[in-house]
Every structure is written in C-alpha cells, then in structure tokens.
>>> print(open('final_39.cif').read())   # mmCIF, C-alpha atoms
data_input
#
loop_
_atom_site.label_atom_id
_atom_site.label_comp_id
_atom_site.auth_asym_id
_atom_site.auth_seq_id
_atom_site.Cartn_x
_atom_site.Cartn_y
_atom_site.Cartn_z
CA MET A 1 28.68 124.94 63.80
CA ASN A 2 28.26 121.92 66.06
CA GLN A 3 30.82 121.43 68.84
CA MET A 4 31.23 117.67 69.31
CA THR A 5 32.78 115.28 71.75
CA PRO A 6 34.86 112.45 70.28
CA ALA A 7 31.87 110.10 70.63
CA GLN A 8 29.56 112.49 68.80
CA PHE A 9 32.18 113.16 66.13
CA ALA A 10 32.77 109.43 65.61
CA GLU A 11 29.05 108.88 65.13
CA ALA A 12 28.72 111.85 62.77
CA ILE A 13 31.56 110.81 60.47
CA GLU A 14 30.03 107.38 59.95
CA ASN A 15 27.84 109.23 57.44
CA PRO A 16 29.63 108.80 54.09
CA ASP A 17 28.37 112.22 52.93
CA ILE A 18 30.37 114.07 55.60
CA ILE A 19 33.76 115.36 54.46
CA VAL A 20 36.39 115.14 57.21
CA LEU A 21 38.96 117.94 57.16
CA ASP A 22 42.25 117.79 59.06
CA VAL A 23 43.71 121.31 59.29
CA ARG A 24 47.06 120.36 60.85
CA THR A 25 50.49 120.24 59.23
CA PRO A 26 51.47 117.42 56.86
CA GLN A 27 53.86 116.08 59.51
CA GLU A 28 51.08 115.89 62.10
CA TYR A 29 48.77 114.26 59.56
CA GLU A 30 51.38 111.61 58.77
CA SER A 31 51.86 110.76 62.43
CA ALA A 32 48.14 110.10 63.05
CA HIS A 33 44.90 111.08 61.32
CA ILE A 34 41.26 110.06 61.26
CA ASP A 35 40.48 107.61 58.47
CA GLY A 36 39.40 109.36 55.28
CA ALA A 37 40.41 112.84 56.44
CA ILE A 38 41.47 115.36 53.81
CA LEU A 39 44.48 117.46 54.79
CA ILE A 40 44.17 121.23 54.31
CA ASP A 41 46.89 122.81 56.45
CA ILE A 42 45.59 126.04 58.01
CA GLN A 43 49.19 127.27 58.36
CA ASN A 44 49.88 126.92 54.63
CA PRO A 45 49.62 130.17 52.63
CA ASP A 46 47.23 128.45 50.19
CA PHE A 47 44.68 127.60 52.93
CA ALA A 48 42.22 130.37 52.01
CA GLN A 49 42.37 129.45 48.33
CA ARG A 50 41.90 125.74 49.03
CA ILE A 51 38.84 126.20 51.22
CA SER A 52 37.34 128.79 48.86
CA VAL A 53 36.68 126.05 46.29
CA LEU A 54 34.92 123.69 48.72
CA ASP A 55 31.28 122.83 48.10
CA LYS A 56 29.31 125.29 50.23
CA SER A 57 26.36 122.91 50.48
CA ALA A 58 28.44 119.99 51.80
CA HIS A 59 28.69 118.82 55.42
CA TYR A 60 32.17 119.09 56.96
CA ALA A 61 33.72 117.61 60.09
CA VAL A 62 36.83 119.57 61.11
CA TYR A 63 39.65 118.84 63.55
CA CYS A 64 43.23 119.71 64.47
CA ARG A 65 45.51 118.67 67.33
CA SER A 66 43.78 120.40 70.25
CA GLY A 67 40.80 122.22 68.76
CA ASN A 68 42.47 125.63 68.53
CA ARG A 69 43.43 125.80 64.85
CA SER A 70 40.27 124.01 63.80
CA SER A 71 38.19 126.66 65.61
CA TYR A 72 39.78 129.26 63.33
CA ALA A 73 39.28 127.03 60.30
CA CYS A 74 35.60 126.58 61.14
CA GLN A 75 35.20 130.36 61.37
CA ASP A 76 36.86 130.71 57.97
CA LEU A 77 34.41 128.15 56.55
CA LEU A 78 31.49 130.02 58.10
CA ASP A 79 32.79 133.26 56.58
CA LEU A 80 32.65 131.56 53.17
CA GLY A 81 29.01 130.64 53.68
CA ILE A 82 29.58 127.01 54.66
CA THR A 83 27.19 126.39 57.55
CA ASN A 84 27.00 122.61 57.99
CA ILE A 85 30.11 122.10 60.15
CA ASP A 86 30.94 119.67 62.95
CA HIS A 87 33.95 120.60 65.11
CA LEU A 88 35.86 118.05 67.21
CA GLU A 89 36.30 119.61 70.63
CA HIS A 90 39.87 119.27 71.93
CA GLY A 91 40.97 117.83 68.57
CA ILE A 92 42.65 114.57 67.76
CA MET A 93 44.28 114.52 71.21
CA ALA A 94 40.82 113.94 72.74
CA TRP A 95 40.00 111.45 69.95
CA ILE A 96 43.10 109.39 70.73
CA ASP A 97 42.54 109.76 74.47
CA LYS A 98 39.15 108.07 74.03
CA ASN A 99 40.80 105.26 72.03
CA TYR A 100 39.21 106.03 68.68
CA PRO A 101 41.20 104.67 65.71
CA VAL A 102 43.74 106.63 63.70
CA ASN A 103 45.71 105.94 60.55
CA GLN A 104 49.40 106.61 60.13
CA GLY A 105 51.25 107.54 56.99
#
>>> encode(input="final_39.cif", output="structure tokens")
Amino acid sequence: MNQMTPAQFAEAIENPDIIVLDVRTPQEYESAHIDGAILIDIQNPDFAQRISVLDKSAHYAVYCRSGNRSSYACQDLLDLGITNIDHLEHGIMAWIDKNYPVNQG
C-alpha cells in the first residue's frame, strides 16, 4: 500500500486505469467527493461483500474524510489479496485543504 500526499494522489488518479474508492457515508459523498470516485461505505453492513467482488488485479486509490476509515478499508483490501493500493493520507480534508477539486451531489 502506498501512502500518498494529496499531490501524489492527484497525480496517481490521472491514470484512467486506477479505480478511486470513497469509503465514507453516502451523505459525506454527496457533500463533496473526488471526481469519478465509487462509493463503498465502510460502515455499511454490506461493505465486506461489496469489496469481495472487486478485481484483485486492479489498482485502487482509497480515501475517506481524515484517513482513518480508509486505513481500515485498505487493510481489508490487502486481506483479500488486493495489493495495488494508493491511500490518501489525511483523507479528503487534506485534499480540499490543498485546493484540489471536488464534485458535489
């Protein structure tokens, strides 16, 4: 797993092959999310089932609000055998703090 600053994360997700995962709640996602991010709420009871069907050979970029929940999500992905993971340190709060763009709705 690669721990990334917002600048590194922004550069990484320019690659169209990287799948961006937002592991926050639907309400948080609606308020602001990174363009193209797929929502898989780590607090939802179906989280384990939803990540179990992900392509294990794909490259994922994972974030949450502050980096805490996404750290757990990354570990869950690693436990499933997914090894190509980028993790946004300090989450979307750091992303927004560095003035990177977000979508709403």
>>> closest_residue(input="final_39.cif", among="A:Ile19, A:Ile92, A:Ile40, A:Cys74", to="Thr5 (chain A)", atoms="only C-alpha atoms")
A:Ile92
>>> axis_aligned_box(input="final_39.cif", around="region 19-25 of chain A", padding_each_side="6 Å", output="AutoDock Vina command-line options")
--center_x 42.1 --center_y 118.2 --center_z 57.7 --size_x 28.7 --size_y 18.2 --size_z 18.4
>>> resolve_selection(input="final_39.cif", expression="the PyMOL selection byres ((chain A and resi 51) around 10)", output="list in words")
Ile40, Ile42, Asp46, Phe47, Ala48, Gln49, Arg50, Ser52, Val53, Leu54, Asp55, Lys56, Ala73, Asp76, Leu77, Leu80 and Ile82 of chain A
>>> closest_residue(input="final_39.cif", among="A:Val62, A:Ala94, A:Val102, A:Val20", to="Gly36 (chain A)", atoms="all atoms listed in the file")
A:Val20
>>> resolve_selection(input="final_39.cif", expression="the PyMOL selection byres ((chain A and resi 59) around 6)", output="number ranges by chain")
A: 18, 58, 60, 84-85
>>> closest_residue(input="final_39.cif", among="A:Gln8, A:Asn15, A:Thr25, A:Ser71", to="Asn44 (chain A)", atoms="all atoms listed in the file")
A:Thr25
>>> residues_around(input="final_39.cif", residues="His33 (chain A)", least_positions_apart="6", cutoff="9 Å", atoms="all atoms listed in the file", output="PDB file with C-alpha atoms, in the frame of the given file")
ATOM      1  CA  ASP A  22      42.250 117.790  59.060  1.00  0.00           C
ATOM      2  CA  ILE A  92      42.650 114.570  67.760  1.00  0.00           C
ATOM      3  CA  PRO A 101      41.200 104.670  65.710  1.00  0.00           C
ATOM      4  CA  VAL A 102      43.740 106.630  63.700  1.00  0.00           C
ATOM      5  CA  ASN A 103      45.710 105.940  60.550  1.00  0.00           C
ATOM      6  CA  GLN A 104      49.400 106.610  60.130  1.00  0.00           C
ATOM      7  CA  GLY A 105      51.250 107.540  56.990  1.00  0.00           C
TER       8      GLY A 105
END
>>> residues_around(input="final_39.cif", residues="Asn68 (chain A)", least_positions_apart="4", cutoff="8 Å", atoms="all atoms listed in the file", output="list in words")
Cys64, Tyr72, His90 and Gly91 of chain A
>>> residues_around(input="final_39.cif", residues="Tyr100 (chain A)", least_positions_apart="3", cutoff="9 Å", atoms="all atoms listed in the file", output="list in words")
Pro6, Ala7, Ala10, Ile34, Trp95, Ile96 and Asp97 of chain A
>>> decode(input="final_39.cif", residues="region 8-96 of chain A", atoms="C-alpha atoms", output="mmCIF file, in the first residue's frame")
data_model
loop_
_atom_site.group_PDB
_atom_site.id
_atom_site.type_symbol
_atom_site.label_atom_id
_atom_site.label_comp_id
_atom_site.auth_asym_id
_atom_site.auth_seq_id
_atom_site.Cartn_x
_atom_site.Cartn_y
_atom_site.Cartn_z
ATOM 1 C CA GLN A 8 0.822 12.371 -5.182
ATOM 2 C CA PHE A 9 -2.755 11.092 -5.065
ATOM 3 C CA ALA A 10 -3.884 13.678 -7.640
ATOM 4 C CA GLU A 11 -1.106 12.607 -9.974
ATOM 5 C CA ALA A 12 -1.838 8.907 -9.467
ATOM 6 C CA ILE A 13 -5.558 9.166 -10.204
ATOM 7 C CA GLU A 14 -4.891 10.855 -13.528
ATOM 8 C CA ASN A 15 -4.268 7.290 -14.709
ATOM 9 C CA PRO A 16 -7.634 6.131 -16.111
ATOM 10 C CA ASP A 17 -6.895 2.541 -15.037
ATOM 11 C CA ILE A 18 -6.925 3.453 -11.335
ATOM 12 C CA ILE A 19 -10.243 2.898 -9.569
ATOM 13 C CA VAL A 20 -10.950 5.563 -6.937
ATOM 14 C CA LEU A 21 -12.845 4.310 -3.884
ATOM 15 C CA ASP A 22 -14.559 6.618 -1.399
ATOM 16 C CA VAL A 23 -15.316 4.658 1.786
ATOM 17 C CA ARG A 24 -17.335 7.367 3.569
ATOM 18 C CA THR A 25 -21.085 7.553 4.117
ATOM 19 C CA PRO A 26 -23.473 8.471 1.288
ATOM 20 C CA GLN A 27 -24.127 11.824 2.986
ATOM 21 C CA GLU A 28 -20.415 12.650 3.084
ATOM 22 C CA TYR A 29 -20.046 11.560 -0.540
ATOM 23 C CA GLU A 30 -22.902 13.833 -1.607
ATOM 24 C CA SER A 31 -21.370 16.829 0.142
ATOM 25 C CA ALA A 32 -18.008 16.511 -1.650
ATOM 26 C CA HIS A 33 -16.160 13.718 -3.452
ATOM 27 C CA ILE A 34 -13.265 13.272 -5.836
ATOM 28 C CA ASP A 35 -14.371 13.101 -9.463
ATOM 29 C CA GLY A 36 -15.056 9.549 -10.593
ATOM 30 C CA ALA A 37 -14.927 8.042 -7.108
ATOM 31 C CA ILE A 38 -17.014 4.948 -6.422
ATOM 32 C CA LEU A 39 -18.780 4.966 -3.065
ATOM 33 C CA ILE A 40 -18.425 1.838 -0.922
ATOM 34 C CA ASP A 41 -19.373 2.856 2.624
ATOM 35 C CA ILE A 42 -17.135 1.035 5.129
ATOM 36 C CA GLN A 43 -19.813 1.497 7.802
ATOM 37 C CA ASN A 44 -22.459 -0.297 5.736
ATOM 38 C CA PRO A 45 -23.035 -3.957 6.672
ATOM 39 C CA ASP A 46 -22.543 -4.952 3.009
ATOM 40 C CA PHE A 47 -19.010 -3.474 2.844
ATOM 41 C CA ALA A 48 -17.198 -6.829 3.081
ATOM 42 C CA GLN A 49 -19.419 -8.354 0.412
ATOM 43 C CA ARG A 50 -19.006 -5.376 -1.920
ATOM 44 C CA ILE A 51 -15.217 -5.346 -1.744
ATOM 45 C CA SER A 52 -15.016 -9.143 -2.027
ATOM 46 C CA VAL A 53 -16.130 -8.927 -5.670
ATOM 47 C CA LEU A 54 -13.563 -6.284 -6.675
ATOM 48 C CA ASP A 55 -10.957 -7.195 -9.280
ATOM 49 C CA LYS A 56 -7.921 -8.311 -7.274
ATOM 50 C CA SER A 57 -5.549 -7.364 -10.092
ATOM 51 C CA ALA A 58 -6.833 -3.777 -10.376
ATOM 52 C CA HIS A 59 -5.175 -0.653 -8.974
ATOM 53 C CA TYR A 60 -7.204 1.193 -6.314
ATOM 54 C CA ALA A 61 -6.920 4.667 -4.812
ATOM 55 C CA VAL A 62 -8.761 4.851 -1.475
ATOM 56 C CA TYR A 63 -9.838 7.759 0.712
ATOM 57 C CA CYS A 64 -12.234 8.821 3.459
ATOM 58 C CA ARG A 65 -12.660 12.049 5.441
ATOM 59 C CA SER A 66 -9.459 12.018 7.503
ATOM 60 C CA GLY A 67 -7.625 8.837 6.527
ATOM 61 C CA ASN A 68 -8.816 6.750 9.472
ATOM 62 C CA ARG A 69 -11.620 4.686 7.910
ATOM 63 C CA SER A 70 -9.728 4.349 4.650
ATOM 64 C CA SER A 71 -6.761 2.862 6.547
ATOM 65 C CA TYR A 72 -9.084 0.089 7.729
ATOM 66 C CA ALA A 73 -10.539 -0.285 4.240
ATOM 67 C CA CYS A 74 -7.060 -0.618 2.746
ATOM 68 C CA GLN A 75 -6.243 -3.354 5.259
ATOM 69 C CA ASP A 76 -9.452 -5.148 4.300
ATOM 70 C CA LEU A 77 -8.433 -4.928 0.625
ATOM 71 C CA LEU A 78 -4.973 -6.277 1.458
ATOM 72 C CA ASP A 79 -6.579 -9.142 3.374
ATOM 73 C CA LEU A 80 -8.496 -10.031 0.196
ATOM 74 C CA GLY A 81 -5.271 -10.204 -1.794
ATOM 75 C CA ILE A 82 -5.550 -6.786 -3.434
ATOM 76 C CA THR A 83 -2.051 -5.334 -3.284
ATOM 77 C CA ASN A 84 -2.008 -2.380 -5.687
ATOM 78 C CA ILE A 85 -3.460 0.294 -3.372
ATOM 79 C CA ASP A 86 -2.840 4.031 -3.038
ATOM 80 C CA HIS A 87 -4.078 5.623 0.204
ATOM 81 C CA LEU A 88 -4.760 9.364 0.550
ATOM 82 C CA GLU A 89 -3.107 10.450 3.782
ATOM 83 C CA HIS A 90 -5.401 12.618 5.919
ATOM 84 C CA GLY A 91 -8.287 11.970 3.516
ATOM 85 C CA ILE A 92 -10.434 14.384 1.596
ATOM 86 C CA MET A 93 -9.910 17.037 4.287
ATOM 87 C CA ALA A 94 -6.249 17.290 3.201
ATOM 88 C CA TRP A 95 -7.330 17.143 -0.470
ATOM 89 C CA ILE A 96 -9.683 20.100 -0.013
#
